[in-house]
Amino acid sequence: MGAKSCRTHLYPRLTHQYIDAMSNTKARLPQPAASEHVALKARNVSFSWESTPLHWLPGDPFATHTINVLHLLLPAGERWFVHVYKQVLPLIRDERLREDVIGFIGQEAMHSQAHDEVLPHLREQGLDPTPYTAQVDWLFEKLLGDRTLPPGRPRQWWLMERVALIAAIEHYTAFLGDWVLNAEELDRRGADPTMLDLLRWHGAEEVEHRSVAFDLFLHVDGGYRRRVRTWAIAFTALVFLWQRGARFFMENDPTLTDGRARLRDFHRAGRAGTLPTTGAMLRSIPRYLSRDYHPSRECSTEQAVAYLASSPAATAAETRANGAL
Amino acid sequence: MPLPRPLGSRAARAALVVAGTALLTRRALRRRIGASPLWPLPALEEPVSGQPRTRALRLLVTRHERVADGVVQLRLEGDPSVPLPAWEPGAHLDLVLPSGLVRQYSLCGDPGDSSSYTVATRLVGPGEGGRGGSREVHEALAEGVEIEVRGPRNRFPLIGGAASYTFVAGGIGITPVLAMVRAVDAAGADWRLLYCGRSRAAMPFLEDVEKLGGAAGRVRVVAEDESGRPDVAAFLGAGEEAGEEAAAPAGAVYVCGPEGLMDAVAGALPAGCSLHLERFAPAASAGGDSAFEVELRRSGRTVAVDAGTTVLAAVRAELPGLAYSCEQGFCGTCQHRVLEGEIDHRDELLTDGERADSMLICVSRSLGPRLVLDL
């Protein structure tokens, strides 16, 4: 079987145990850094938005709104991650991976809730996101939802396809998480501290759990062709959603008379350091498609953990968890 | 025979057609995207995103005053241009204290006032099982301090249409009852209140309730240092006698106070009356857990939940693939539909609507001996 021959040289050592559970193939595997693994737990964070201005990156509506697209996509998107992973959980045959997935589910659920709370605040400032989010809801609830498929192979195929899509999307959430943790230009330009903490708490958790979606994909399927196919779908969809989202915000922002989102604004913001650079985004593509890719060799867990130890929202969540005991 | 046209004009015409079509397409596309940002995707008819269960609000403590011995009342105000979320009598607010602790306090102001919230807190010392929340409210929440709140939510709703209302409040338990009494009185309904406490000086809002009761004798105040413990049975029984014919429709009894008071009311409840309780410490009340059983209807199995374990742990023993995550009642992963049974909600996530027929099985329990889950 073609898929099996791929597997033999695809799996990193971290997931070796998972493979052995399914087949007896021994293989030479790429080395993920074991030190990058941490136990995952959801944090009960809470953000209030009253004092956050519409352009939370002062004087830069374009960068503000390009990052704001996250609030449009993540509530529905991460709810969908949880929905899909609840169905995969019974298929996991490895205890450590199961624990990782359980921690991942809670973190994603909190990301979805936290970003969802930004939306009414945008509405109160005259920028109603509902026309866009209702369509994103359709995308994740209907198009990517549980389709009426006969049980057995078709249903399994659709589940695996979605697991692979999530792994591809998580490559980008980790990329963005790493970017925002290092985006010192946002501090220099006086970005709103609450928004910055939301983005960095979220980004740090994305970096913290960046290997889970990929490990799960390897554990339950791992086919290279599926990885490439779902990457292409996810990448195209992300570009489409982001471009339309930035355009939607710029055109509907009540404080802008001729708001537009152009590609050259994006390049410019990348060079200025208020958005990721186009080059860095392009360079991340071959890395995911490389046959020995493993997320543990991207980003830094240490940096993520250090941010979470100082994040106002995450430390308050910690106190709350201790107080509840 | 048509005249041959020069080549240049034909090419120019083709270019014009192409450019025109491109322009029209662009305009049509713009118009569509303007009306539907993700065109050609349709929209979900009932959008899900953008309607969070609760929102955190940052409010300013604009008044911090002592209203009785050991009781302070706080007035919390937000941005005057944005009305605060509405609430109904019985609702409470989650206060996220500066230390990060979260505590629930009943709203005791006027529900019609959308510019401020009022809560009152009694100082509970460590000797009485206090864990620092009320001390923080008393000492750290001075006027001018900003505080984060969530809610309001209502786990103690006042149900309209009862023939008569009987309220029993113990000490600080008057806070949700006060708003209820005002609402019932304004609606012209028949109501009575038994308000008991340690001493008159330690009982907040005494003047307010006595004024509401007026000369009609609707309010009975029992201070323990003057007249000992209240005779709850006599108070409830008196209502029954005064209730004229035995065929009169059943009344509603609302109680908020210490455990002993609620037990006394439950024990003396006249037949046909409905009982509504609000506990001081709904979540994680130490030691008060009892055992019960949970039927998993779709799996056709029944599991026992011991006092020291959770519904989640008991159910997982039968269904190991069941999803959960935070195990503290905030992430929502283990929300399941409840088909039968009375739920003891202990999470801090679900809305009142969700609470009607679902629960987070990691923290919430059963009030009765049996729950039936759609699992």
# chains A, B, ... in the order shown; residues from 1 in each chain; ligands from 1

call {"tool": "select_by_dssp", "arguments": {"residues": "segment 76-305 of chain A", "states": "alpha helix (DSSP H)", "output": "PyMOL selection string"}}
result
chain A and resi 76-88+95-116+118-124+130-138+153-182+184-188+193-208+212-220+224-252+263-272+278-289+301-305

call {"tool": "residues_around", "arguments": {"residues": "Gly132 of chain B", "least_positions_apart": "2", "cutoff": "12 Å", "atoms": "only C-alpha atoms", "output": "list in words"}}
result
Gly323 and Ala324 of chain A; Leu97, Pro98, Ser99, Gly100, Leu101, Val102, Arg103, Arg122, Leu123, Val124, Gly125, Pro126, Gly127, Glu128, Gly129, Gly130, Ser134, Arg135, Glu136, Val137, His138, Glu139 and Ala140 of chain B

call {"tool": "residues_around", "arguments": {"residues": "segment 169-172 of chain B", "least_positions_apart": "5", "cutoff": "9 Å", "atoms": "only C-alpha atoms", "output": "PyMOL selection string"}}
result
chain B and resi 71+120-122+177+193-198+202-204+254-258+261

call {"tool": "write_last_selection", "arguments": {"atoms": "C-alpha atoms", "output": "short mmCIF file (atom, residue, chain, number, x, y, z; two decimals), in the first residue's frame"}}
result
data_model
loop_
_atom_site.label_atom_id
_atom_site.label_comp_id
_atom_site.auth_asym_id
_atom_site.auth_seq_id
_atom_site.Cartn_x
_atom_site.Cartn_y
_atom_site.Cartn_z
CA VAL B 71 -21.82 44.48 55.41
CA ALA B 120 -23.77 43.93 49.03
CA THR B 121 -21.25 41.69 50.74
CA ARG B 122 -20.95 40.40 54.26
CA VAL B 177 -34.88 38.76 47.91
CA LEU B 193 -41.37 38.19 54.01
CA LEU B 194 -39.67 36.60 56.97
CA TYR B 195 -36.32 38.30 57.48
CA CYS B 196 -34.08 36.89 60.18
CA GLY B 197 -30.57 37.68 61.33
CA ARG B 198 -28.26 37.75 64.30
CA ALA B 202 -26.16 43.24 61.37
CA MET B 203 -29.18 43.04 59.06
CA PRO B 204 -28.79 45.15 55.89
CA TYR B 254 -38.28 31.72 47.87
CA VAL B 255 -35.50 31.19 50.38
CA CYS B 256 -31.99 32.55 50.53
CA GLY B 257 -29.93 32.09 53.65
CA PRO B 258 -27.77 29.68 55.58
CA LEU B 261 -32.70 28.02 57.47
#

call {"tool": "interface_residues", "arguments": {"of": "chain A", "to": "chain B", "cutoff": "7 Å", "atoms": "only C-alpha atoms", "output": "VMD selection string"}}
result
chain A and resid 41 to 42 44 46 to 48 50 75 to 76 86 89 to 90 102 to 103 105 to 106 109 to 110 113 116 to 117 119 to 120 131 to 135 137 to 138 244 248 316 to 317 319 to 320 323

call {"tool": "write_last_selection", "arguments": {"atoms": "N, CA and C atoms", "output": "compact mmCIF listing (two decimals), in the first residue's frame"}}
result
# COMPACT_ATOMS: atom_id res chain seq x y z
N LYS A 41 -2.63 22.63 29.35
CA LYS A 41 -3.87 22.84 30.12
C LYS A 41 -4.54 24.12 29.64
N ALA A 42 -5.87 24.09 29.68
CA ALA A 42 -6.62 25.29 29.30
C ALA A 42 -6.50 26.31 30.43
N ASN A 44 -8.22 29.68 32.19
CA ASN A 44 -9.52 30.36 32.26
C ASN A 44 -9.32 31.87 32.19
N SER A 46 -9.79 35.89 30.94
CA SER A 46 -10.92 36.81 30.78
C SER A 46 -10.38 38.17 30.35
N PHE A 47 -10.97 38.72 29.31
CA PHE A 47 -10.53 40.04 28.83
C PHE A 47 -11.73 40.97 28.78
N SER A 48 -11.52 42.23 29.16
CA SER A 48 -12.61 43.19 28.98
C SER A 48 -12.13 44.27 28.02
N GLU A 50 -13.72 47.41 27.07
CA GLU A 50 -14.24 48.79 27.05
C GLU A 50 -13.19 49.82 26.68
N PRO A 75 -13.47 32.33 16.28
CA PRO A 75 -14.58 31.78 17.07
C PRO A 75 -15.20 30.55 16.40
N ALA A 76 -15.52 30.66 15.11
CA ALA A 76 -16.12 29.51 14.43
C ALA A 76 -15.08 28.43 14.14
N LYS A 86 -13.29 15.98 19.09
CA LYS A 86 -14.12 15.14 19.96
C LYS A 86 -14.41 13.80 19.28
N LEU A 89 -11.08 11.52 19.24
CA LEU A 89 -10.55 11.05 20.52
C LEU A 89 -10.64 9.53 20.72
N PRO A 90 -11.78 8.90 20.40
CA PRO A 90 -11.85 7.44 20.61
C PRO A 90 -10.88 6.65 19.73
N ILE A 102 -6.43 16.23 24.62
CA ILE A 102 -7.39 16.73 25.61
C ILE A 102 -7.02 18.14 26.05
N GLY A 103 -5.73 18.38 26.30
CA GLY A 103 -5.28 19.73 26.65
C GLY A 103 -5.51 20.70 25.50
N ILE A 105 -7.79 20.54 23.14
CA ILE A 105 -9.22 20.84 22.98
C ILE A 105 -9.64 21.99 23.90
N GLY A 106 -9.22 21.93 25.16
CA GLY A 106 -9.60 22.97 26.11
C GLY A 106 -9.00 24.32 25.74
N ALA A 109 -10.90 25.70 22.83
CA ALA A 109 -12.24 26.17 23.24
C ALA A 109 -12.14 27.55 23.87
N MET A 110 -11.09 27.77 24.68
CA MET A 110 -10.92 29.08 25.30
C MET A 110 -10.53 30.15 24.28
N GLN A 113 -13.75 31.20 22.63
CA GLN A 113 -14.55 32.06 23.50
C GLN A 113 -13.94 33.46 23.62
N ASP A 116 -14.39 35.50 20.50
CA ASP A 116 -15.81 35.77 20.30
C ASP A 116 -16.25 37.00 21.10
N GLU A 117 -15.62 37.23 22.24
CA GLU A 117 -16.01 38.36 23.08
C GLU A 117 -15.55 39.70 22.52
N LEU A 119 -16.05 40.50 19.37
CA LEU A 119 -16.98 40.89 18.31
C LEU A 119 -18.05 41.90 18.74
N PRO A 120 -18.73 41.70 19.90
CA PRO A 120 -19.70 42.72 20.31
C PRO A 120 -19.05 44.09 20.51
N PRO A 131 -22.16 40.26 9.10
CA PRO A 131 -22.26 39.77 7.72
C PRO A 131 -21.13 38.80 7.38
N TYR A 132 -19.94 39.10 7.87
CA TYR A 132 -18.79 38.22 7.59
C TYR A 132 -18.85 36.95 8.44
N THR A 133 -19.05 37.12 9.75
CA THR A 133 -18.98 35.94 10.62
C THR A 133 -20.09 34.94 10.33
N ALA A 134 -21.25 35.42 9.85
CA ALA A 134 -22.34 34.49 9.53
C ALA A 134 -21.92 33.57 8.38
N GLN A 135 -21.10 34.11 7.47
CA GLN A 135 -20.62 33.29 6.36
C GLN A 135 -19.50 32.34 6.81
N ASP A 137 -19.41 31.16 9.78
CA ASP A 137 -20.18 30.13 10.50
C ASP A 137 -20.67 29.06 9.52
N TRP A 138 -21.17 29.50 8.36
CA TRP A 138 -21.65 28.54 7.37
C TRP A 138 -20.51 27.64 6.91
N ARG A 244 -10.38 38.89 2.04
CA ARG A 244 -11.75 39.40 2.12
C ARG A 244 -12.02 40.05 3.48
N PHE A 248 -13.16 43.75 4.10
CA PHE A 248 -14.44 43.97 4.77
C PHE A 248 -14.30 45.02 5.87
N ALA A 316 -3.72 35.85 35.93
CA ALA A 316 -5.00 35.96 36.65
C ALA A 316 -5.74 34.63 36.60
N ALA A 317 -5.67 33.94 35.46
CA ALA A 317 -6.32 32.63 35.33
C ALA A 317 -5.72 31.63 36.31
N THR A 319 -4.28 32.36 39.22
CA THR A 319 -4.77 32.69 40.56
C THR A 319 -6.17 32.15 40.76
N ARG A 320 -7.00 32.32 39.72
CA ARG A 320 -8.39 31.87 39.79
C ARG A 320 -8.44 30.37 40.00
N GLY A 323 -7.46 29.67 43.48
CA GLY A 323 -8.49 30.13 44.42
C GLY A 323 -9.68 29.22 44.47

call {"tool": "residues_around", "arguments": {"residues": "Leu256 of chain A", "least_positions_apart": "2", "cutoff": "12 Å", "atoms": "only C-alpha atoms", "output": "list in words"}}
result
Leu54, His55, Gly59, Asp60, Pro61, Phe62, His65, Gly126, Leu127, Phe249, Met250, Glu251, Asn252, Asp253, Pro254, Asp258, Gly259, Arg260 and Ala261 of chain A

call {"tool": "write_last_selection", "arguments": {"atoms": "C-alpha atoms", "output": "compact mmCIF listing (two decimals), in the first residue's frame"}}
result
# COMPACT_ATOMS: atom_id res chain seq x y z
CA LEU A 54 -11.19 50.74 17.39
CA HIS A 55 -7.71 51.20 15.97
CA GLY A 59 -2.84 55.37 13.55
CA ASP A 60 -2.63 52.10 11.63
CA PRO A 61 -6.11 50.91 10.64
CA PHE A 62 -4.76 48.54 8.00
CA HIS A 65 -7.87 45.27 10.77
CA GLY A 126 -19.88 50.87 14.60
CA LEU A 127 -18.19 47.97 12.81
CA PHE A 249 -13.10 45.80 7.81
CA MET A 250 -11.41 48.58 5.83
CA GLU A 251 -14.50 49.24 3.71
CA ASN A 252 -16.90 49.23 6.66
CA ASP A 253 -14.79 51.06 9.22
CA PRO A 254 -16.97 54.07 10.15
CA ASP A 258 -11.98 55.48 1.51
CA GLY A 259 -10.74 52.42 3.38
CA ARG A 260 -9.05 49.86 1.18
CA ALA A 261 -6.87 46.82 1.75

call {"tool": "residues_around", "arguments": {"residues": "Gly160 of chain B", "least_positions_apart": "4", "cutoff": "10 Å", "atoms": "only C-alpha atoms", "output": "PDB file with C-alpha atoms, in the first residue's frame"}}
result
ATOM      1  CA  SER B 164     -48.908  34.383  46.555  1.00  0.00           C
ATOM      2  CA  TYR B 165     -45.230  34.835  47.289  1.00  0.00           C
ATOM      3  CA  VAL B 184     -43.667  41.566  43.385  1.00  0.00           C
ATOM      4  CA  ALA B 187     -46.830  44.183  40.393  1.00  0.00           C
ATOM      5  CA  ALA B 189     -49.100  40.623  44.027  1.00  0.00           C
ATOM      6  CA  ALA B 252     -44.306  30.124  45.720  1.00  0.00           C
TER       7      ALA B 252
END

call {"tool": "closest_residue", "arguments": {"among": "B:Leu29, B:Leu23, B:Met180, B:Ala12", "to": "Gly109 of chain B", "atoms": "only C-alpha atoms"}}
result
B:Met180

call {"tool": "atom_distance", "arguments": {"atom1": "atom CA of Arg247 of chain A", "atom2": "atom CA of Gly145 of chain A"}}
result
26.4 Å

call {"tool": "residues_around", "arguments": {"residues": "segment 356-362 of chain B", "least_positions_apart": "3", "cutoff": "10 Å", "atoms": "only C-alpha atoms", "output": "PDB file with N, CA and C atoms, in the first residue's frame"}}
result
ATOM      1  N   THR B 309     -16.356  11.603  43.906  1.00  0.00           N
ATOM      2  CA  THR B 309     -15.963  11.571  42.508  1.00  0.00           C
ATOM      3  C   THR B 309     -16.867  12.487  41.684  1.00  0.00           C
ATOM      4  N   THR B 310     -16.568  12.605  40.396  1.00  0.00           N
ATOM      5  CA  THR B 310     -17.366  13.484  39.540  1.00  0.00           C
ATOM      6  C   THR B 310     -18.175  12.647  38.551  1.00  0.00           C
ATOM      7  N   VAL B 311     -19.177  13.266  37.953  1.00  0.00           N
ATOM      8  CA  VAL B 311     -19.968  12.573  36.933  1.00  0.00           C
ATOM      9  C   VAL B 311     -19.030  12.169  35.789  1.00  0.00           C
ATOM     10  N   LEU B 312     -18.124  13.082  35.429  1.00  0.00           N
ATOM     11  CA  LEU B 312     -17.196  12.810  34.331  1.00  0.00           C
ATOM     12  C   LEU B 312     -16.396  11.537  34.582  1.00  0.00           C
ATOM     13  N   ALA B 313     -15.813  11.430  35.785  1.00  0.00           N
ATOM     14  CA  ALA B 313     -14.982  10.263  36.091  1.00  0.00           C
ATOM     15  C   ALA B 313     -15.819   8.988  36.031  1.00  0.00           C
ATOM     16  N   ALA B 314     -17.035   9.057  36.575  1.00  0.00           N
ATOM     17  CA  ALA B 314     -17.885   7.867  36.589  1.00  0.00           C
ATOM     18  C   ALA B 314     -18.285   7.465  35.172  1.00  0.00           C
ATOM     19  N   VAL B 315     -18.608   8.464  34.334  1.00  0.00           N
ATOM     20  CA  VAL B 315     -19.047   8.157  32.977  1.00  0.00           C
ATOM     21  C   VAL B 315     -17.866   7.667  32.133  1.00  0.00           C
ATOM     22  N   TYR B 324     -13.351  15.680  27.165  1.00  0.00           N
ATOM     23  CA  TYR B 324     -13.392  16.629  28.276  1.00  0.00           C
ATOM     24  C   TYR B 324     -12.086  17.392  28.191  1.00  0.00           C
ATOM     25  N   SER B 325     -11.944  18.439  29.010  1.00  0.00           N
ATOM     26  CA  SER B 325     -10.615  19.052  29.030  1.00  0.00           C
ATOM     27  C   SER B 325     -10.274  19.713  30.355  1.00  0.00           C
ATOM     28  N   CYS B 326     -10.858  20.876  30.661  1.00  0.00           N
ATOM     29  CA  CYS B 326     -10.318  21.660  31.779  1.00  0.00           C
ATOM     30  C   CYS B 326     -10.621  21.024  33.140  1.00  0.00           C
ATOM     31  N   GLU B 327     -11.708  20.276  33.242  1.00  0.00           N
ATOM     32  CA  GLU B 327     -12.166  19.646  34.487  1.00  0.00           C
ATOM     33  C   GLU B 327     -12.466  20.658  35.585  1.00  0.00           C
ATOM     34  N   GLN B 328     -12.644  21.927  35.222  1.00  0.00           N
ATOM     35  CA  GLN B 328     -12.962  22.943  36.223  1.00  0.00           C
ATOM     36  C   GLN B 328     -14.200  23.742  35.869  1.00  0.00           C
ATOM     37  N   GLY B 329     -14.899  23.321  34.810  1.00  0.00           N
ATOM     38  CA  GLY B 329     -16.163  23.985  34.517  1.00  0.00           C
ATOM     39  C   GLY B 329     -16.064  25.273  33.748  1.00  0.00           C
ATOM     40  N   PHE B 330     -15.007  25.478  32.961  1.00  0.00           N
ATOM     41  CA  PHE B 330     -14.999  26.699  32.158  1.00  0.00           C
ATOM     42  C   PHE B 330     -14.826  26.490  30.655  1.00  0.00           C
ATOM     43  N   CYS B 331     -14.253  25.357  30.213  1.00  0.00           N
ATOM     44  CA  CYS B 331     -13.969  25.257  28.774  1.00  0.00           C
ATOM     45  C   CYS B 331     -15.182  24.769  27.974  1.00  0.00           C
ATOM     46  N   GLY B 332     -16.101  24.055  28.628  1.00  0.00           N
ATOM     47  CA  GLY B 332     -17.354  23.686  27.966  1.00  0.00           C
ATOM     48  C   GLY B 332     -17.305  22.409  27.148  1.00  0.00           C
ATOM     49  N   THR B 333     -16.159  21.727  27.098  1.00  0.00           N
ATOM     50  CA  THR B 333     -16.027  20.533  26.259  1.00  0.00           C
ATOM     51  C   THR B 333     -16.979  19.413  26.694  1.00  0.00           C
ATOM     52  N   CYS B 334     -17.221  19.281  27.995  1.00  0.00           N
ATOM     53  CA  CYS B 334     -18.008  18.142  28.480  1.00  0.00           C
ATOM     54  C   CYS B 334     -19.469  18.498  28.706  1.00  0.00           C
ATOM     55  N   GLN B 335     -19.978  19.458  27.958  1.00  0.00           N
ATOM     56  CA  GLN B 335     -21.398  19.801  28.083  1.00  0.00           C
ATOM     57  C   GLN B 335     -22.249  18.691  27.463  1.00  0.00           C
ATOM     58  N   HIS B 336     -23.197  18.183  28.227  1.00  0.00           N
ATOM     59  CA  HIS B 336     -24.078  17.141  27.690  1.00  0.00           C
ATOM     60  C   HIS B 336     -25.522  17.429  28.050  1.00  0.00           C
ATOM     61  N   ARG B 337     -26.400  16.923  27.212  1.00  0.00           N
ATOM     62  CA  ARG B 337     -27.820  17.135  27.432  1.00  0.00           C
ATOM     63  C   ARG B 337     -28.318  16.265  28.579  1.00  0.00           C
ATOM     64  N   VAL B 338     -29.171  16.852  29.397  1.00  0.00           N
ATOM     65  CA  VAL B 338     -29.762  16.129  30.524  1.00  0.00           C
ATOM     66  C   VAL B 338     -31.225  15.887  30.192  1.00  0.00           C
ATOM     67  N   LEU B 339     -31.632  14.618  30.235  1.00  0.00           N
ATOM     68  CA  LEU B 339     -33.003  14.285  29.853  1.00  0.00           C
ATOM     69  C   LEU B 339     -33.944  14.291  31.052  1.00  0.00           C
ATOM     70  N   GLU B 340     -33.420  13.874  32.200  1.00  0.00           N
ATOM     71  CA  GLU B 340     -34.250  13.856  33.412  1.00  0.00           C
ATOM     72  C   GLU B 340     -33.377  14.150  34.610  1.00  0.00           C
ATOM     73  N   GLY B 341     -34.010  14.658  35.667  1.00  0.00           N
ATOM     74  CA  GLY B 341     -33.286  14.889  36.910  1.00  0.00           C
ATOM     75  C   GLY B 341     -33.031  16.369  37.156  1.00  0.00           C
ATOM     76  N   GLU B 342     -32.737  16.684  38.423  1.00  0.00           N
ATOM     77  CA  GLU B 342     -32.503  18.072  38.820  1.00  0.00           C
ATOM     78  C   GLU B 342     -31.004  18.292  38.933  1.00  0.00           C
ATOM     79  N   ILE B 343     -30.507  19.290  38.198  1.00  0.00           N
ATOM     80  CA  ILE B 343     -29.055  19.493  38.105  1.00  0.00           C
ATOM     81  C   ILE B 343     -28.574  20.479  39.164  1.00  0.00           C
ATOM     82  N   ASP B 344     -27.447  20.159  39.759  1.00  0.00           N
ATOM     83  CA  ASP B 344     -26.772  21.078  40.676  1.00  0.00           C
ATOM     84  C   ASP B 344     -25.620  21.706  39.882  1.00  0.00           C
ATOM     85  N   HIS B 345     -25.907  22.839  39.228  1.00  0.00           N
ATOM     86  CA  HIS B 345     -24.906  23.459  38.346  1.00  0.00           C
ATOM     87  C   HIS B 345     -23.776  24.088  39.150  1.00  0.00           C
ATOM     88  N   ARG B 346     -22.556  23.740  38.815  1.00  0.00           N
ATOM     89  CA  ARG B 346     -21.411  24.310  39.528  1.00  0.00           C
ATOM     90  C   ARG B 346     -20.362  24.873  38.584  1.00  0.00           C
ATOM     91  N   ASP B 347     -20.734  25.040  37.338  1.00  0.00           N
ATOM     92  CA  ASP B 347     -19.772  25.589  36.378  1.00  0.00           C
ATOM     93  C   ASP B 347     -19.871  27.102  36.397  1.00  0.00           C
ATOM     94  N   GLU B 348     -18.970  27.759  35.678  1.00  0.00           N
ATOM     95  CA  GLU B 348     -19.105  29.208  35.540  1.00  0.00           C
ATOM     96  C   GLU B 348     -19.244  29.605  34.081  1.00  0.00           C
ATOM     97  N   LEU B 349     -19.809  28.727  33.276  1.00  0.00           N
ATOM     98  CA  LEU B 349     -19.843  28.991  31.847  1.00  0.00           C
ATOM     99  C   LEU B 349     -21.256  29.091  31.267  1.00  0.00           C
ATOM    100  N   LEU B 350     -22.077  28.085  31.510  1.00  0.00           N
ATOM    101  CA  LEU B 350     -23.333  27.959  30.773  1.00  0.00           C
ATOM    102  C   LEU B 350     -24.290  29.107  31.049  1.00  0.00           C
ATOM    103  N   THR B 351     -25.088  29.426  30.028  1.00  0.00           N
ATOM    104  CA  THR B 351     -26.117  30.443  30.200  1.00  0.00           C
ATOM    105  C   THR B 351     -27.315  29.807  30.895  1.00  0.00           C
ATOM    106  N   ASP B 352     -28.227  30.655  31.358  1.00  0.00           N
ATOM    107  CA  ASP B 352     -29.410  30.124  32.027  1.00  0.00           C
ATOM    108  C   ASP B 352     -30.206  29.224  31.083  1.00  0.00           C
ATOM    109  N   GLY B 353     -30.255  29.607  29.807  1.00  0.00           N
ATOM    110  CA  GLY B 353     -30.970  28.800  28.819  1.00  0.00           C
ATOM    111  C   GLY B 353     -30.337  27.423  28.674  1.00  0.00           C
ATOM    112  N   ARG B 365     -23.308  18.474  39.495  1.00  0.00           N
ATOM    113  CA  ARG B 365     -23.768  17.220  40.096  1.00  0.00           C
ATOM    114  C   ARG B 365     -25.284  17.143  40.018  1.00  0.00           C
ATOM    115  N   SER B 366     -25.838  16.260  40.819  1.00  0.00           N
ATOM    116  CA  SER B 366     -27.283  16.109  40.826  1.00  0.00           C
ATOM    117  C   SER B 366     -27.838  16.548  42.169  1.00  0.00           C
ATOM    118  N   LEU B 373     -28.649  11.188  31.330  1.00  0.00           N
ATOM    119  CA  LEU B 373     -27.899  11.941  30.319  1.00  0.00           C
ATOM    120  C   LEU B 373     -28.128  11.355  28.936  1.00  0.00           C
ATOM    121  N   ASP B 374     -28.077  12.220  27.932  1.00  0.00           N
ATOM    122  CA  ASP B 374     -28.226  11.796  26.545  1.00  0.00           C
ATOM    123  C   ASP B 374     -26.857  11.344  26.037  1.00  0.00           C
TER     124      ASP B 374
END

call {"tool": "atom_distance", "arguments": {"atom1": "atom CA of Leu60 of chain B", "atom2": "atom CA of Ala313 of chain A"}}
result
19.3 Å

call {"tool": "atom_distance", "arguments": {"atom1": "atom CA of Thr302 of chain B", "atom2": "atom CA of Val88 of chain A"}}
result
24.8 Å

call {"tool": "residues_around", "arguments": {"residues": "Leu186 of chain A", "least_positions_apart": "2", "cutoff": "12 Å", "atoms": "only C-alpha atoms", "output": "number ranges by chain"}}
result
A: 56-60, 63-64, 67, 179-184, 188-193, 195-197, 199-200, 269-270, 272-276

call {"tool": "write_last_selection", "arguments": {"atoms": "C-alpha atoms", "output": "PDB file, in the first residue's frame"}}
result
ATOM      1  CA  TRP A  56      -5.859  49.459  18.733  1.00  0.00           C
ATOM      2  CA  LEU A  57      -2.610  49.894  16.845  1.00  0.00           C
ATOM      3  CA  PRO A  58      -2.623  53.703  16.947  1.00  0.00           C
ATOM      4  CA  GLY A  59      -2.836  55.372  13.548  1.00  0.00           C
ATOM      5  CA  ASP A  60      -2.633  52.095  11.628  1.00  0.00           C
ATOM      6  CA  ALA A  63      -2.520  46.518  10.335  1.00  0.00           C
ATOM      7  CA  THR A  64      -5.202  46.680  13.072  1.00  0.00           C
ATOM      8  CA  ILE A  67      -4.924  41.274  12.607  1.00  0.00           C
ATOM      9  CA  TRP A 179       5.428  36.155  15.023  1.00  0.00           C
ATOM     10  CA  VAL A 180       3.283  37.984  17.575  1.00  0.00           C
ATOM     11  CA  LEU A 181       5.479  36.885  20.495  1.00  0.00           C
ATOM     12  CA  ASN A 182       8.401  38.525  18.696  1.00  0.00           C
ATOM     13  CA  ALA A 183       6.596  41.519  17.174  1.00  0.00           C
ATOM     14  CA  GLU A 184       8.294  44.213  19.231  1.00  0.00           C
ATOM     15  CA  ARG A 188       6.988  50.340  20.178  1.00  0.00           C
ATOM     16  CA  ARG A 189       3.921  51.758  18.434  1.00  0.00           C
ATOM     17  CA  GLY A 190       1.843  51.665  21.613  1.00  0.00           C
ATOM     18  CA  ALA A 191      -0.597  48.868  20.753  1.00  0.00           C
ATOM     19  CA  ASP A 192      -3.466  48.443  23.230  1.00  0.00           C
ATOM     20  CA  PRO A 193      -2.152  46.272  26.094  1.00  0.00           C
ATOM     21  CA  MET A 195      -5.367  43.287  22.716  1.00  0.00           C
ATOM     22  CA  LEU A 196      -1.664  42.565  22.776  1.00  0.00           C
ATOM     23  CA  ASP A 197      -2.135  40.257  25.755  1.00  0.00           C
ATOM     24  CA  LEU A 199      -2.871  37.929  20.894  1.00  0.00           C
ATOM     25  CA  ARG A 200       0.220  36.855  22.802  1.00  0.00           C
ATOM     26  CA  ALA A 269       3.404  46.569   6.961  1.00  0.00           C
ATOM     27  CA  GLY A 270       5.577  43.453   6.809  1.00  0.00           C
ATOM     28  CA  ALA A 272       7.624  47.901   9.066  1.00  0.00           C
ATOM     29  CA  GLY A 273       7.199  44.948  11.450  1.00  0.00           C
ATOM     30  CA  THR A 274       3.502  45.451  12.183  1.00  0.00           C
ATOM     31  CA  LEU A 275       2.542  42.322  10.222  1.00  0.00           C
ATOM     32  CA  PRO A 276       4.502  39.190   9.249  1.00  0.00           C
TER      33      PRO A 276
END

call {"tool": "select_by_dssp", "arguments": {"residues": "segment 50-199 of chain B", "states": "strand (DSSP E)", "output": "ChimeraX atom specification"}}
result
/B:57-68,71-77,92-96,102-106,116-122,146-153,165-170,191-197
